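Enquirer: See entry-v2.pdb below, with PDB, C-alpha atoms.
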```
ATOM      1  CA  MET A   6       2.734 -13.534 -15.754
ATOM      2  CA  THR A   7       0.584 -12.255 -12.886
ATOM      3  CA  ASP A   8      -3.187 -11.867 -12.992
ATOM      4  CA  ALA A   9      -2.680  -8.088 -12.988
ATOM      5  CA  CYS A  10      -0.686  -8.369 -16.224
ATOM      6  CA  ARG A  11      -3.223 -10.691 -17.835
ATOM      7  CA  ASN A  12      -6.067  -8.272 -17.124
ATOM      8  CA  HIS A  13      -4.156  -5.331 -18.651
ATOM      9  CA  GLY A  14      -5.664  -2.836 -16.224
ATOM     10  CA  GLN A  15      -4.130   0.591 -15.907
ATOM     11  CA  PRO A  16      -1.934   0.851 -12.804
ATOM     12  CA  ILE A  17      -3.051   2.632  -9.674
ATOM     13  CA  VAL A  18      -0.495   4.198  -7.353
ATOM     14  CA  ILE A  19      -1.630   4.940  -3.822
ATOM     15  CA  VAL A  20       0.535   7.442  -1.966
ATOM     16  CA  GLY A  21       0.353   6.768   1.736
ATOM     17  CA  ALA A  22      -0.056   3.295   3.159
ATOM     18  CA  GLY A  23      -1.916   4.086   6.337
ATOM     19  CA  LEU A  24      -5.455   3.010   7.068
ATOM     20  CA  ALA A  25      -6.950   4.859   4.072
ATOM     21  CA  GLY A  26      -4.298   3.706   1.587
ATOM     22  CA  GLY A  27      -4.451   0.111   2.784
ATOM     23  CA  ASN A  28      -8.239   0.070   2.584
ATOM     24  CA  ALA A  29      -8.105   1.574  -0.911
ATOM     25  CA  ALA A  30      -5.896  -1.303  -2.102
ATOM     26  CA  VAL A  31      -8.144  -3.883  -0.427
ATOM     27  CA  THR A  32     -11.262  -2.350  -1.968
ATOM     28  CA  LEU A  33      -9.718  -2.313  -5.443
ATOM     29  CA  ARG A  34      -8.995  -6.039  -5.223
ATOM     30  CA  GLU A  35     -12.334  -6.908  -3.606
ATOM     31  CA  GLU A  36     -14.170  -5.023  -6.360
ATOM     32  CA  GLY A  37     -12.278  -6.985  -9.028
ATOM     33  CA  PHE A  38      -9.662  -4.480 -10.202
ATOM     34  CA  GLY A  39      -6.998  -6.572 -11.926
ATOM     35  CA  GLY A  40      -4.431  -3.913 -12.795
ATOM     36  CA  ARG A  41      -1.200  -3.107 -11.029
ATOM     37  CA  VAL A  42      -1.610  -1.635  -7.526
ATOM     38  CA  VAL A  43       1.361   0.060  -5.854
ATOM     39  CA  LEU A  44       1.298   1.412  -2.292
ATOM     40  CA  ILE A  45       4.047   3.931  -1.488
ATOM     41  CA  SER A  46       4.750   4.941   2.089
ATOM     42  CA  ARG A  47       7.535   6.512   4.121
ATOM     43  CA  GLU A  48       6.985   3.853   6.767
ATOM     44  CA  PRO A  49       8.281   0.301   6.477
ATOM     45  CA  GLY A  50       5.916  -2.618   6.744
ATOM     46  CA  ILE A  51       2.290  -3.158   5.948
ATOM     47  CA  PRO A  52      -0.580  -0.651   6.222
ATOM     48  CA  PHE A  53      -2.102  -0.212   9.662
ATOM     49  CA  GLY A  54      -4.381   2.152  11.485
ATOM     50  CA  ARG A  55      -2.853   4.445  14.028
ATOM     51  CA  PRO A  56      -3.941   3.180  17.438
ATOM     52  CA  PRO A  57      -5.034   5.845  19.849
ATOM     53  CA  LEU A  58      -2.494   6.601  22.529
ATOM     54  CA  SER A  59      -4.234   4.984  25.409
ATOM     55  CA  LYS A  60      -3.036   3.544  28.656
ATOM     56  CA  THR A  61      -3.735   0.018  27.417
ATOM     57  CA  TYR A  62      -1.623   0.530  24.280
ATOM     58  CA  LEU A  63       1.229   2.186  26.168
ATOM     59  CA  ARG A  64       1.197  -0.659  28.708
ATOM     60  CA  SER A  65       1.440  -3.144  25.803
ATOM     61  CA  GLU A  66      -1.992  -4.558  26.590
ATOM     62  CA  GLU A  67      -2.981  -4.084  22.926
ATOM     63  CA  ASP A  68      -1.199  -5.801  20.066
ATOM     64  CA  LEU A  69      -0.335  -3.744  16.957
ATOM     65  CA  SER A  70      -1.381  -6.635  14.691
ATOM     66  CA  ALA A  71      -5.001  -5.913  15.608
ATOM     67  CA  TRP A  72      -4.569  -2.562  13.823
ATOM     68  CA  TYR A  73      -3.276  -4.014  10.522
ATOM     69  CA  VAL A  74      -5.554  -3.418   7.532
ATOM     70  CA  ARG A  75      -4.767  -6.972   6.337
ATOM     71  CA  PRO A  76      -2.193  -9.574   7.452
ATOM     72  CA  ALA A  77       1.287  -9.263   5.917
ATOM     73  CA  GLY A  78       0.811 -12.122   3.440
ATOM     74  CA  TRP A  79      -2.372 -10.641   1.982
ATOM     75  CA  TYR A  80      -0.515  -8.024  -0.093
ATOM     76  CA  GLN A  81       1.674 -10.517  -1.928
ATOM     77  CA  GLU A  82      -1.228 -12.948  -2.380
ATOM     78  CA  HIS A  83      -3.292 -10.173  -3.984
ATOM     79  CA  ASP A  84      -0.500  -8.679  -6.105
ATOM     80  CA  VAL A  85      -0.260  -5.384  -4.227
ATOM     81  CA  GLU A  86       3.253  -3.929  -4.369
ATOM     82  CA  LEU A  87       4.513  -2.222  -1.215
ATOM     83  CA  LEU A  88       7.213   0.435  -1.606
ATOM     84  CA  GLY A  89       8.099   1.252   1.980
ATOM     85  CA  GLU A  90      10.458   3.861   3.351
ATOM     86  CA  SER A  91       9.889   6.102   0.315
ATOM     87  CA  GLY A  92       7.995   9.344   0.100
ATOM     88  CA  VAL A  93       6.605  10.837  -3.087
ATOM     89  CA  VAL A  94       7.687  14.398  -3.846
ATOM     90  CA  ALA A  95       6.306  14.742  -7.391
ATOM     91  CA  VAL A  96       3.759  13.063  -9.643
ATOM     92  CA  ASP A  97       3.721  13.358 -13.427
ATOM     93  CA  ALA A  98       0.452  11.714 -14.411
ATOM     94  CA  ALA A  99       0.971  12.296 -18.128
ATOM     95  CA  LEU A 100       4.270  10.385 -18.079
ATOM     96  CA  HIS A 101       3.051   7.838 -15.480
ATOM     97  CA  ARG A 102       5.989   8.712 -13.262
ATOM     98  CA  VAL A 103       6.510   9.466  -9.593
ATOM     99  CA  THR A 104       9.597  10.995  -8.045
ATOM    100  CA  LEU A 105      10.554   9.650  -4.649
ATOM    101  CA  ASP A 106      12.211  11.677  -1.906
ATOM    102  CA  SER A 107      15.446   9.814  -2.621
ATOM    103  CA  GLY A 108      15.480  11.522  -6.029
ATOM    104  CA  THR A 109      14.660   8.272  -7.796
ATOM    105  CA  GLU A 110      12.142   8.542 -10.589
ATOM    106  CA  SER A 111       9.944   5.510 -10.943
ATOM    107  CA  SER A 112       7.935   4.796 -14.040
ATOM    108  CA  ILE A 113       4.578   3.248 -13.179
ATOM    109  CA  LYS A 114       3.397   1.523 -16.293
ATOM    110  CA  SER A 115       0.850  -1.155 -16.939
ATOM    111  CA  CYS A 116       2.026  -4.650 -17.873
TER     112      CYS A 116
END
```
Represent the structure contained in this file as structure tokens.

Expert:
Amino acid sequence: MTDACRNHGQPIVIVGAGLAGGNAAVTLREEGFGGRVVLISREPGIPFGRPPLSKTYLRSEEDLSAWYVRPAGWYQEHDVELLGESGVVAVDAALHRVTLDSGTESSIKSC
């Protein structure tokens, strides 16, 4: 059983895993939130800031890893679930359910 399950916190679903979504997940864990945290994004991979289109970036003089909110392993180590390549088209807060753009309904329940 994970720490999130032991703490019995209500789940938090963050739609959008860019800079703001990634920082929201980090802040929740840093502030001691022990419930389930799920990040849903249309993009694969881990949250990162969008680097400005600059000559240095376009010439590959900047590395994308410098724009990551946290390194890839951080999310698993801190029990943050990443649902990549999925967009949310509907949220039913009363039923704790999100509908993804694939048509899949996902129930987000606490442990």

Enquirer: Just the number, please: distance in Å from CA of Val31 (chain A) to CA of Leu100 (chain A), one decimal.

Expert: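 Taking CA of Val31 (chain A) as the start and CA of Leu100 (chain A) as the end point, the length is 25.9 Å.
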
Enquirer: Determine the residue set returned by the PyMOL selection byres ((chain A and resi 98) around 12) for the present structure, and present it as a PyMOL selection string.

Expert: chain A and resi 16-18+95-97+99-104+111-114

Enquirer: Report, in Å to a single decimal, how far apart CA of Phe53 (chain A) and CA of Glu67 (chain A) are.

Expert: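 Pair CA of Glu67 (chain A) / CA of Phe53 (chain A) returns 13.8 Å.
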
Enquirer: Go ahead and compute the interatomic distance for CA of Ala22 (chain A) and CA of Leu44 (chain A), in Å to one decimal.

Expert: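 Between these atoms lies a distance of 5.9 Å.
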
Enquirer: The PyMOL selection byres ((chain A and resi 69-74) around 12) - which residues does that actually catch in the file I just gave you? List them as JSON, numbers by chain.

Expert: {"A": [22, 23, 24, 25, 26, 27, 28, 29, 30, 31, 32, 50, 51, 52, 53, 54, 55, 56, 57, 58, 61, 62, 63, 65, 66, 67, 68, 75, 76, 77, 78, 79, 80]}

Enquirer: Just say which residues the PyMOL selection byres ((chain A and resi 49) around 9) picks in this file, as JSON, numbers by chain.

Expert: {"A": [46, 47, 48, 50, 51, 52, 87, 88, 89, 90, 91]}

Enquirer: Name the closest residue to Glu86 (chain A) among the candidates A:Val43, A:Gln15, A:Gly21, A:Leu33; distances are taken between atoms, counting only C-alpha atoms.

Expert: A:Val43
